[in-house]
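Just run09.pdb here, PDB, C-alpha atoms, pLDDT in the B column:
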MODEL        1
ATOM      1  CA  ALA A 520     -69.568 -97.275   2.104  1.00 54.00           C
ATOM      2  CA  TRP A 521     -67.954 -93.995   3.132  1.00 58.00           C
ATOM      3  CA  ASN A 522     -64.581 -94.991   1.674  1.00 62.00           C
ATOM      4  CA  TRP A 523     -66.289 -96.217  -1.467  1.00 65.00           C
ATOM      5  CA  ASN A 524     -68.121 -93.055  -2.540  1.00 63.00           C
ATOM      6  CA  LEU A 525     -67.742 -90.446   0.262  1.00 63.00           C
ATOM      7  CA  ASP A 526     -71.508 -89.985   0.253  1.00 69.00           C
ATOM      8  CA  SER A 527     -72.845 -89.198   3.739  1.00 71.00           C
ATOM      9  CA  PHE A 528     -76.358 -90.286   2.747  1.00 76.00           C
ATOM     10  CA  TRP A 529     -75.269 -93.865   2.077  1.00 76.00           C
ATOM     11  CA  PHE A 530     -73.141 -93.860   5.219  1.00 74.00           C
ATOM     12  CA  TRP A 531     -76.179 -92.838   7.251  1.00 77.00           C
ATOM     13  CA  LEU A 532     -78.484 -95.272   5.423  1.00 81.00           C
ATOM     14  CA  ASN A 533     -76.169 -98.258   5.974  1.00 79.00           C
ATOM     15  CA  SER A 534     -75.825 -97.372   9.650  1.00 78.00           C
ATOM     16  CA  MET A 535     -79.599 -97.209  10.082  1.00 83.00           C
ATOM     17  CA  VAL A 536     -80.183-100.481   8.210  1.00 87.00           C
ATOM     18  CA  PHE A 537     -77.655-102.220  10.442  1.00 84.00           C
ATOM     19  CA  LEU A 538     -79.208-100.639  13.530  1.00 81.00           C
ATOM     20  CA  LEU A 539     -82.745-101.668  12.575  1.00 85.00           C
ATOM     21  CA  ALA A 540     -81.709-105.223  11.648  1.00 86.00           C
ATOM     22  CA  SER A 541     -79.764-105.762  14.865  1.00 79.00           C
ATOM     23  CA  THR A 542     -82.574-104.290  16.964  1.00 78.00           C
ATOM     24  CA  ALA A 543     -85.189-106.514  15.324  1.00 80.00           C
ATOM     25  CA  TRP A 544     -83.012-109.529  16.052  1.00 79.00           C
ATOM     26  CA  LEU A 545     -82.595-108.516  19.691  1.00 73.00           C
ATOM     27  CA  LEU A 546     -86.324-107.997  20.136  1.00 74.00           C
ATOM     28  CA  TRP A 547     -87.134-111.479  18.890  1.00 74.00           C
ATOM     29  CA  LYS A 548     -84.090-113.298  20.327  1.00 65.00           C
ATOM     30  CA  PRO A 549     -82.817-111.321  23.343  1.00 55.00           C
ATOM     31  CA  LEU A 550     -79.246-112.028  24.347  1.00 51.00           C
ATOM     32  CA  GLU A 551     -78.553-113.657  27.701  1.00 52.00           C
ATOM     33  CA  ARG A 552     -77.295-110.761  29.794  1.00 51.00           C
ATOM     34  CA  ALA A 553     -76.759-110.235  33.480  1.00 47.00           C
ATOM     35  CA  PRO A 554     -79.407-107.950  34.961  1.00 46.00           C
ATOM     36  CA  GLY A 555     -78.332-104.361  35.292  1.00 50.00           C
ATOM     37  CA  PRO A 556     -77.642-102.786  38.688  1.00 51.00           C
ATOM     38  CA  PRO A 557     -80.741-101.686  40.580  1.00 52.00           C
ATOM     39  CA  SER A 558     -81.655 -98.047  40.062  1.00 57.00           C
ATOM     40  CA  SER A 559     -83.851 -96.807  42.878  1.00 61.00           C
ATOM     41  CA  PRO A 560     -85.744 -93.512  42.595  1.00 64.00           C
ATOM     42  CA  PRO A 561     -83.632 -90.521  43.642  1.00 67.00           C
ATOM     43  CA  LEU A 562     -84.100 -89.228  47.170  1.00 70.00           C
ATOM     44  CA  VAL A 563     -85.717 -85.852  47.799  1.00 69.00           C
ATOM     45  CA  GLY A 564     -82.354 -84.313  48.647  1.00 82.00           C
ATOM     46  CA  GLN A 565     -80.766 -85.746  45.515  1.00 85.00           C
ATOM     47  CA  THR A 566     -83.570 -84.366  43.360  1.00 87.00           C
ATOM     48  CA  ALA A 567     -83.105 -80.917  44.884  1.00 90.00           C
ATOM     49  CA  LEU A 568     -79.344 -81.021  44.282  1.00 92.00           C
ATOM     50  CA  LEU A 569     -79.907 -82.191  40.694  1.00 93.00           C
ATOM     51  CA  TRP A 570     -82.243 -79.264  40.075  1.00 93.00           C
ATOM     52  CA  GLY A 571     -79.598 -76.986  41.559  1.00 94.00           C
ATOM     53  CA  LEU A 572     -76.992 -78.304  39.130  1.00 94.00           C
ATOM     54  CA  ALA A 573     -79.468 -77.895  36.268  1.00 95.00           C
ATOM     55  CA  LEU A 574     -80.074 -74.256  37.218  1.00 95.00           C
ATOM     56  CA  VAL A 575     -76.310 -73.691  37.376  1.00 94.00           C
ATOM     57  CA  GLY A 576     -76.092 -74.995  33.802  1.00 92.00           C
ATOM     58  CA  ALA A 577     -78.891 -72.695  32.639  1.00 94.00           C
ATOM     59  CA  ALA A 578     -77.391 -69.646  34.364  1.00 94.00           C
ATOM     60  CA  ALA A 579     -73.873 -70.378  33.089  1.00 92.00           C
ATOM     61  CA  THR A 580     -75.178 -70.710  29.541  1.00 91.00           C
ATOM     62  CA  ALA A 581     -77.085 -67.429  29.739  1.00 90.00           C
ATOM     63  CA  LEU A 582     -74.150 -65.502  31.235  1.00 89.00           C
ATOM     64  CA  MET A 583     -71.227 -66.818  29.187  1.00 84.00           C
ATOM     65  CA  ASN A 584     -70.113 -64.628  26.297  1.00 75.00           C
ATOM     66  CA  ARG A 585     -67.665 -66.395  24.021  1.00 74.00           C
ATOM     67  CA  PRO A 586     -68.050 -65.258  20.378  1.00 73.00           C
ATOM     68  CA  ASN A 587     -67.951 -67.962  17.729  1.00 74.00           C
ATOM     69  CA  SER A 588     -67.843 -67.503  13.972  1.00 75.00           C
ATOM     70  CA  ASP A 589     -70.217 -70.431  13.381  1.00 74.00           C
ATOM     71  CA  ASP A 590     -72.985 -68.351  14.932  1.00 76.00           C
ATOM     72  CA  THR A 591     -73.293 -66.281  11.769  1.00 79.00           C
ATOM     73  CA  LEU A 592     -74.368 -69.297   9.739  1.00 81.00           C
ATOM     74  CA  TYR A 593     -76.618 -71.076  12.222  1.00 83.00           C
ATOM     75  CA  VAL A 594     -78.449 -67.999  13.481  1.00 85.00           C
ATOM     76  CA  ASN A 595     -78.893 -67.005   9.846  1.00 85.00           C
ATOM     77  CA  PHE A 596     -80.916 -70.182   9.271  1.00 86.00           C
ATOM     78  CA  ALA A 597     -83.401 -68.954  11.864  1.00 88.00           C
ATOM     79  CA  VAL A 598     -83.334 -65.357  10.607  1.00 87.00           C
ATOM     80  CA  ALA A 599     -83.950 -66.473   7.010  1.00 84.00           C
ATOM     81  CA  LEU A 600     -87.021 -68.467   8.042  1.00 86.00           C
ATOM     82  CA  ALA A 601     -88.412 -65.615  10.151  1.00 87.00           C
ATOM     83  CA  ASP A 602     -87.837 -63.035   7.380  1.00 84.00           C
ATOM     84  CA  HIS A 603     -89.010 -65.149   4.448  1.00 82.00           C
ATOM     85  CA  PRO A 604     -91.317 -67.974   5.584  1.00 84.00           C
ATOM     86  CA  GLU A 605     -92.576 -68.254   2.011  1.00 83.00           C
ATOM     87  CA  TYR A 606     -89.213 -69.596   0.781  1.00 79.00           C
ATOM     88  CA  ARG A 607     -88.607 -73.314   0.482  1.00 80.00           C
ATOM     89  CA  LEU A 608     -86.513 -74.461   3.440  1.00 79.00           C
ATOM     90  CA  PHE A 609     -82.769 -74.309   2.774  1.00 76.00           C
ATOM     91  CA  ALA A 610     -83.435 -73.466  -0.871  1.00 72.00           C
ATOM     92  CA  ARG A 611     -80.831 -70.692  -0.904  1.00 71.00           C
ATOM     93  CA  ASP A 612     -77.855 -69.400   1.036  1.00 70.00           C
ATOM     94  CA  THR A 613     -79.147 -66.155   2.535  1.00 73.00           C
ATOM     95  CA  LEU A 614     -75.821 -65.461   4.259  1.00 74.00           C
ATOM     96  CA  HIS A 615     -73.350 -65.559   1.373  1.00 72.00           C
ATOM     97  CA  GLY A 616     -75.608 -64.172  -1.323  1.00 67.00           C
ATOM     98  CA  GLN A 617     -77.824 -65.139  -4.243  1.00 62.00           C
ATOM     99  CA  GLY A 618     -76.621 -68.048  -6.332  1.00 56.00           C
ATOM    100  CA  MET A 619     -74.825 -69.742  -3.424  1.00 60.00           C
ATOM    101  CA  THR A 620     -76.203 -73.108  -2.363  1.00 64.00           C
ATOM    102  CA  LEU A 621     -76.083 -74.770   1.028  1.00 71.00           C
ATOM    103  CA  LEU A 622     -74.749 -78.239   1.700  1.00 71.00           C
ATOM    104  CA  ARG A 623     -77.516 -80.814   1.374  1.00 74.00           C
ATOM    105  CA  ALA A 624     -76.692 -82.145   4.841  1.00 76.00           C
ATOM    106  CA  TYR A 625     -78.017 -78.931   6.398  1.00 80.00           C
ATOM    107  CA  SER A 626     -81.531 -79.945   5.400  1.00 80.00           C
ATOM    108  CA  ALA A 627     -81.513 -82.280   8.422  1.00 82.00           C
ATOM    109  CA  HIS A 628     -81.456 -79.283  10.792  1.00 86.00           C
ATOM    110  CA  SER A 629     -84.605 -78.506  12.753  1.00 89.00           C
ATOM    111  CA  TYR A 630     -83.127 -76.714  15.804  1.00 91.00           C
ATOM    112  CA  GLU A 631     -82.603 -73.421  13.978  1.00 89.00           C
ATOM    113  CA  LEU A 632     -85.888 -73.787  12.108  1.00 90.00           C
ATOM    114  CA  PHE A 633     -87.726 -74.037  15.418  1.00 92.00           C
ATOM    115  CA  ALA A 634     -86.019 -70.837  16.577  1.00 92.00           C
ATOM    116  CA  GLY A 635     -86.998 -69.146  13.313  1.00 91.00           C
ATOM    117  CA  ALA A 636     -90.604 -70.258  13.682  1.00 92.00           C
ATOM    118  CA  VAL A 637     -90.755 -68.910  17.241  1.00 93.00           C
ATOM    119  CA  SER A 638     -89.180 -65.654  16.045  1.00 92.00           C
ATOM    120  CA  TRP A 639     -91.759 -65.329  13.259  1.00 92.00           C
ATOM    121  CA  LEU A 640     -94.681 -66.071  15.585  1.00 92.00           C
ATOM    122  CA  THR A 641     -93.563 -63.776  18.418  1.00 92.00           C
ATOM    123  CA  GLY A 642     -91.829 -61.013  16.476  1.00 90.00           C
ATOM    124  CA  LYS A 643     -88.745 -61.364  18.706  1.00 91.00           C
ATOM    125  CA  PRO A 644     -85.273 -61.382  17.092  1.00 91.00           C
ATOM    126  CA  ALA A 645     -84.055 -64.872  16.235  1.00 89.00           C
ATOM    127  CA  LEU A 646     -80.717 -64.058  17.888  1.00 88.00           C
ATOM    128  CA  HIS A 647     -82.490 -63.495  21.217  1.00 90.00           C
ATOM    129  CA  ILE A 648     -84.559 -66.662  20.822  1.00 92.00           C
ATOM    130  CA  MET A 649     -81.445 -68.790  20.317  1.00 90.00           C
ATOM    131  CA  HIS A 650     -79.080 -67.159  22.819  1.00 89.00           C
ATOM    132  CA  LEU A 651     -81.487 -66.257  25.633  1.00 90.00           C
ATOM    133  CA  GLY A 652     -84.180 -68.892  25.112  1.00 92.00           C
ATOM    134  CA  LEU A 653     -83.078 -72.176  23.577  1.00 93.00           C
ATOM    135  CA  ALA A 654     -79.485 -72.086  24.843  1.00 92.00           C
ATOM    136  CA  PRO A 655     -80.294 -71.672  28.585  1.00 94.00           C
ATOM    137  CA  PHE A 656     -83.026 -74.309  28.251  1.00 95.00           C
ATOM    138  CA  ALA A 657     -80.449 -76.714  26.796  1.00 94.00           C
ATOM    139  CA  GLY A 658     -78.141 -75.771  29.668  1.00 93.00           C
ATOM    140  CA  LEU A 659     -80.928 -76.719  32.080  1.00 95.00           C
ATOM    141  CA  LEU A 660     -81.352 -80.107  30.374  1.00 95.00           C
ATOM    142  CA  THR A 661     -77.638 -80.915  30.520  1.00 95.00           C
ATOM    143  CA  ALA A 662     -77.634 -82.079  34.137  1.00 95.00           C
ATOM    144  CA  PHE A 663     -80.744 -84.210  33.608  1.00 96.00           C
ATOM    145  CA  ALA A 664     -79.289 -85.842  30.482  1.00 95.00           C
ATOM    146  CA  TRP A 665     -76.088 -86.868  32.260  1.00 95.00           C
ATOM    147  CA  ALA A 666     -78.061 -87.960  35.322  1.00 95.00           C
ATOM    148  CA  ARG A 667     -80.087 -90.280  33.098  1.00 94.00           C
ATOM    149  CA  LEU A 668     -76.880 -91.955  31.882  1.00 94.00           C
ATOM    150  CA  PHE A 669     -75.021 -92.054  35.198  1.00 94.00           C
ATOM    151  CA  ARG A 670     -77.985 -93.509  37.086  1.00 92.00           C
ATOM    152  CA  ILE A 671     -77.734 -96.534  34.790  1.00 91.00           C
ATOM    153  CA  ILE A 672     -73.968 -97.083  34.769  1.00 88.00           C
ATOM    154  CA  GLU A 673     -73.091 -95.759  38.272  1.00 88.00           C
ATOM    155  CA  PRO A 674     -76.280 -95.862  40.379  1.00 87.00           C
ATOM    156  CA  GLN A 675     -74.432 -95.286  43.667  1.00 87.00           C
ATOM    157  CA  ARG A 676     -72.359 -92.275  42.580  1.00 89.00           C
ATOM    158  CA  TRP A 677     -74.444 -90.711  39.837  1.00 91.00           C
ATOM    159  CA  LEU A 678     -75.001 -87.354  41.546  1.00 92.00           C
ATOM    160  CA  TRP A 679     -71.284 -86.858  42.195  1.00 93.00           C
ATOM    161  CA  LEU A 680     -70.554 -87.608  38.546  1.00 94.00           C
ATOM    162  CA  VAL A 681     -73.161 -85.114  37.340  1.00 95.00           C
ATOM    163  CA  ALA A 682     -71.609 -82.485  39.627  1.00 94.00           C
ATOM    164  CA  ILE A 683     -68.171 -83.230  38.169  1.00 93.00           C
ATOM    165  CA  VAL A 684     -69.434 -82.864  34.594  1.00 94.00           C
ATOM    166  CA  ILE A 685     -71.250 -79.581  35.310  1.00 94.00           C
ATOM    167  CA  SER A 686     -68.213 -78.206  37.152  1.00 92.00           C
ATOM    168  CA  TRP A 687     -65.967 -79.155  34.249  1.00 90.00           C
ATOM    169  CA  TYR A 688     -68.263 -77.431  31.769  1.00 90.00           C
ATOM    170  CA  VAL A 689     -68.308 -74.261  33.909  1.00 88.00           C
ATOM    171  CA  PHE A 690     -64.622 -73.963  34.792  1.00 86.00           C
ATOM    172  CA  ASP A 691     -62.865 -75.432  31.769  1.00 80.00           C
ATOM    173  CA  GLY A 692     -61.077 -72.631  29.937  1.00 65.00           C
ATOM    174  CA  THR A 693     -59.845 -74.383  26.810  1.00 69.00           C
ATOM    175  CA  THR A 694     -60.693 -73.393  23.254  1.00 66.00           C
ATOM    176  CA  ASP A 695     -64.174 -73.450  21.776  1.00 69.00           C
ATOM    177  CA  ARG A 696     -63.349 -76.601  19.795  1.00 71.00           C
ATOM    178  CA  SER A 697     -62.861 -78.690  22.935  1.00 77.00           C
ATOM    179  CA  ILE A 698     -65.626 -80.854  24.390  1.00 79.00           C
ATOM    180  CA  ALA A 699     -66.290 -78.346  27.178  1.00 78.00           C
ATOM    181  CA  GLY A 700     -66.094 -75.553  24.606  1.00 78.00           C
ATOM    182  CA  HIS A 701     -69.065 -77.175  22.868  1.00 82.00           C
ATOM    183  CA  ALA A 702     -71.063 -77.067  26.094  1.00 85.00           C
ATOM    184  CA  PHE A 703     -72.364 -73.976  27.910  1.00 87.00           C
ATOM    185  CA  PRO A 704     -70.533 -71.362  25.794  1.00 86.00           C
ATOM    186  CA  ARG A 705     -72.097 -72.643  22.542  1.00 87.00           C
ATOM    187  CA  LEU A 706     -75.489 -74.160  23.318  1.00 88.00           C
ATOM    188  CA  PHE A 707     -77.094 -71.653  20.968  1.00 88.00           C
ATOM    189  CA  GLN A 708     -75.797 -74.013  18.243  1.00 88.00           C
ATOM    190  CA  GLY A 709     -77.520 -77.303  17.601  1.00 88.00           C
ATOM    191  CA  LYS A 710     -74.287 -79.263  17.243  1.00 89.00           C
ATOM    192  CA  SER A 711     -73.287 -78.271  20.782  1.00 90.00           C
ATOM    193  CA  VAL A 712     -76.673 -79.418  22.100  1.00 93.00           C
ATOM    194  CA  LEU A 713     -76.053 -82.673  20.227  1.00 93.00           C
ATOM    195  CA  VAL A 714     -72.723 -83.281  21.973  1.00 92.00           C
ATOM    196  CA  THR A 715     -73.766 -82.029  25.414  1.00 93.00           C
ATOM    197  CA  VAL A 716     -77.372 -83.210  25.794  1.00 94.00           C
ATOM    198  CA  ALA A 717     -78.304 -85.665  23.050  1.00 94.00           C
ATOM    199  CA  VAL A 718     -75.220 -87.908  23.185  1.00 95.00           C
ATOM    200  CA  PRO A 719     -75.641 -88.919  26.862  1.00 95.00           C
ATOM    201  CA  LEU A 720     -79.382 -89.374  26.315  1.00 95.00           C
ATOM    202  CA  ILE A 721     -78.850 -91.593  23.270  1.00 95.00           C
ATOM    203  CA  SER A 722     -76.295 -93.679  25.180  1.00 94.00           C
ATOM    204  CA  ALA A 723     -78.566 -93.988  28.214  1.00 94.00           C
ATOM    205  CA  ASN A 724     -81.618 -95.003  26.177  1.00 94.00           C
ATOM    206  CA  ALA A 725     -79.566 -97.517  24.168  1.00 93.00           C
ATOM    207  CA  ILE A 726     -78.247 -99.175  27.342  1.00 93.00           C
ATOM    208  CA  ALA A 727     -81.707 -99.161  28.926  1.00 92.00           C
ATOM    209  CA  PHE A 728     -83.116-100.857  25.841  1.00 91.00           C
ATOM    210  CA  MET A 729     -80.389-103.508  25.877  1.00 88.00           C
ATOM    211  CA  LEU A 730     -80.949-104.319  29.555  1.00 88.00           C
ATOM    212  CA  ARG A 731     -84.682-104.878  29.012  1.00 87.00           C
ATOM    213  CA  PRO A 732     -85.687-104.811  25.327  1.00 87.00           C
ATOM    214  CA  SER A 733     -89.242-103.643  24.674  1.00 89.00           C
ATOM    215  CA  TRP A 734     -91.091-101.710  22.025  1.00 90.00           C
ATOM    216  CA  THR A 735     -91.539 -98.775  24.422  1.00 91.00           C
ATOM    217  CA  ARG A 736     -87.822 -98.541  25.149  1.00 91.00           C
ATOM    218  CA  TRP A 737     -87.095 -98.946  21.447  1.00 91.00           C
ATOM    219  CA  ALA A 738     -89.429 -96.006  20.658  1.00 93.00           C
ATOM    220  CA  ILE A 739     -87.740 -93.811  23.283  1.00 93.00           C
ATOM    221  CA  PHE A 740     -84.314 -94.773  21.963  1.00 93.00           C
ATOM    222  CA  GLY A 741     -85.392 -94.065  18.386  1.00 92.00           C
ATOM    223  CA  ALA A 742     -86.829 -90.684  19.380  1.00 93.00           C
ATOM    224  CA  SER A 743     -83.531 -89.678  20.990  1.00 93.00           C
ATOM    225  CA  VAL A 744     -81.581 -90.660  17.857  1.00 93.00           C
ATOM    226  CA  ILE A 745     -83.980 -88.726  15.612  1.00 92.00           C
ATOM    227  CA  SER A 746     -83.721 -85.693  17.910  1.00 92.00           C
ATOM    228  CA  GLY A 747     -79.928 -85.860  17.671  1.00 91.00           C
ATOM    229  CA  ILE A 748     -80.119 -85.860  13.884  1.00 90.00           C
ATOM    230  CA  GLY A 749     -82.381 -82.809  13.925  1.00 89.00           C
ATOM    231  CA  LEU A 750     -79.912 -80.847  16.019  1.00 91.00           C
ATOM    232  CA  SER A 751     -77.072 -80.911  13.507  1.00 88.00           C
ATOM    233  CA  SER A 752     -75.935 -82.436  10.241  1.00 86.00           C
ATOM    234  CA  THR A 753     -73.176 -84.049  12.326  1.00 86.00           C
ATOM    235  CA  GLY A 754     -75.962 -86.070  13.906  1.00 86.00           C
ATOM    236  CA  LEU A 755     -76.487 -87.887  10.594  1.00 86.00           C
ATOM    237  CA  TRP A 756     -73.514 -90.094  11.477  1.00 86.00           C
ATOM    238  CA  LEU A 757     -72.881 -89.362  15.162  1.00 89.00           C
ATOM    239  CA  ALA A 758     -76.348 -90.147  16.541  1.00 89.00           C
ATOM    240  CA  PRO A 759     -76.624 -93.656  14.977  1.00 88.00           C
ATOM    241  CA  LEU A 760     -73.041 -94.532  15.886  1.00 88.00           C
ATOM    242  CA  VAL A 761     -73.441 -93.422  19.503  1.00 90.00           C
ATOM    243  CA  GLY A 762     -76.590 -95.531  19.593  1.00 89.00           C
ATOM    244  CA  LEU A 763     -74.716 -98.530  18.256  1.00 86.00           C
ATOM    245  CA  THR A 764     -71.989 -98.229  20.890  1.00 86.00           C
ATOM    246  CA  GLY A 765     -74.674 -98.153  23.574  1.00 83.00           C
ATOM    247  CA  LEU A 766     -76.397-101.216  22.129  1.00 80.00           C
ATOM    248  CA  PHE A 767     -73.272-103.329  21.975  1.00 76.00           C
TER     249      PHE A 767
ENDMDL
END

For the structure just supplied, provide its representation as structure tokens.
Amino acid sequence: AWNWNLDSFWFWLNSMVFLLASTAWLLWKPLERAPGPPSSPPLVGQTALLWGLALVGAAATALMNRPNSDDTLYVNFAVALADHPEYRLFARDTLHGQGMTLLRAYSAHSYELFAGAVSWLTGKPALHIMHLGLAPFAGLLTAFAWARLFRIIEPQRWLWLVAIVISWYVFDGTTDRSIAGHAFPRLFQGKSVLVTVAVPLISANAIAFMLRPSWTRWAIFGASVISGIGLSSTGLWLAPLVGLTGLF
């Protein structure tokens, strides 16, 4: 569909139709699969260490200062909502001037709109809400998101793997377009939260659903995909496709 008309809406729609059809089939006729490895509750010491890694992620996100040109556009979404809540959402490009229109795909964003709503309600600058509020909170969630995935695929070594991922995100010094560059230095942007937090959660919930299909697990999986779409227009294609790889 993408090669046929280069329309992202139809690409997303076809992906979702395929996902829904395959999921319905699995719910009614589950595949014969070997049971997944046992995943016992984490020990008290492991929980404490996981919280420590999560706090490292939050602190690293709050302290890192790596300027990025994309910030002008995404923070502007929040600023525009806080300054003019009476405007229709994404009706105009308040960054580049009157008469300029935004890409239709941006209408999927809700991350920046949430920051704008908080800014409007509290009177605090949207820039502070995104950089000092939402970004460190996403940094806190990073360790828990990866722990959710690793406890399914590597139940014996999951904590070590989470520590490796967090260490990589902290110490990697490559450019801002790398995978680590989309982590702690840029979690004020929804697309970085998508890659760093939502992708492992979508994968984990997809695998959990496949191991034991149920309507509850399907709802959790669906909620994670929808959340990924709301973080960035990239999520329109990335979130369903990551979900599909986890399902199959």

With the file shown as input, list the residues that the PyMOL selection byres ((chain A and resi 579) around 12) selects, as a PyMOL selection string.
-> chain A and resi 572-578+580-585+650-651+654-659+661+685-690+702-706

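We find CA of Ser697 (chain A) and CA of Val761 (chain A) to be spaced 18.5 Å apart.
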
Set the distance at 9 Å and use only C-alpha atoms: which residues neighbour Ala601 (chain A) once local chain neighbours fewer than 2 positions away are removed? I'd like the list as a PDB file with C-alpha atoms, keeping the file's coordinate frame.
ATOM      1  CA  PHE A 596     -80.916 -70.182   9.271  1.00 86.00           C
ATOM      2  CA  ALA A 597     -83.401 -68.954  11.864  1.00 88.00           C
ATOM      3  CA  VAL A 598     -83.334 -65.357  10.607  1.00 87.00           C
ATOM      4  CA  ALA A 599     -83.950 -66.473   7.010  1.00 84.00           C
ATOM      5  CA  HIS A 603     -89.010 -65.149   4.448  1.00 82.00           C
ATOM      6  CA  PRO A 604     -91.317 -67.974   5.584  1.00 84.00           C
ATOM      7  CA  LEU A 632     -85.888 -73.787  12.108  1.00 90.00           C
ATOM      8  CA  ALA A 634     -86.019 -70.837  16.577  1.00 92.00           C
ATOM      9  CA  GLY A 635     -86.998 -69.146  13.313  1.00 91.00           C
ATOM     10  CA  ALA A 636     -90.604 -70.258  13.682  1.00 92.00           C
ATOM     11  CA  VAL A 637     -90.755 -68.910  17.241  1.00 93.00           C
ATOM     12  CA  SER A 638     -89.180 -65.654  16.045  1.00 92.00           C
ATOM     13  CA  TRP A 639     -91.759 -65.329  13.259  1.00 92.00           C
ATOM     14  CA  LEU A 640     -94.681 -66.071  15.585  1.00 92.00           C
ATOM     15  CA  GLY A 642     -91.829 -61.013  16.476  1.00 90.00           C
ATOM     16  CA  PRO A 644     -85.273 -61.382  17.092  1.00 91.00           C
ATOM     17  CA  ALA A 645     -84.055 -64.872  16.235  1.00 89.00           C
TER      18      ALA A 645
END

Using all atoms listed in the file, which of A:Leu600, A:Ala624, A:Ile739, A:Val536 sits nearest Leu755 (chain A)?
->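 For Leu755 (chain A), the nearest of the candidates is A:Ala624.
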
Looking at all atoms listed in the file, which of A:Ala742, A:Met649, A:Leu720, A:Leu562 is the one that sits closest to Leu668 (chain A)?
-> A:Leu720

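Going from CA of Thr715 (chain A) over to CA of Met729 (chain A), you cover 22.5 Å.
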
Which residues come within 12 Å of Trp734 (chain A), counting all atoms listed in the file, excluding same-chain residues fewer than 3 positions away, as a PyMOL selection string?
-> chain A and resi 542-543+545-547+727-729+731+737-741

May I ask for the distance between CA of Leu569 (chain A) and CA of Ser711 (chain A), given in Å to one decimal place?
-> 21.3 Å

Might you pull out every residue within 8 Å of Ala666 (chain A), with only C-alpha atoms counted and same-chain residues fewer than 4 positions away left off, and present them as a PyMOL selection string?
-> chain A and resi 662+670+677-678+681
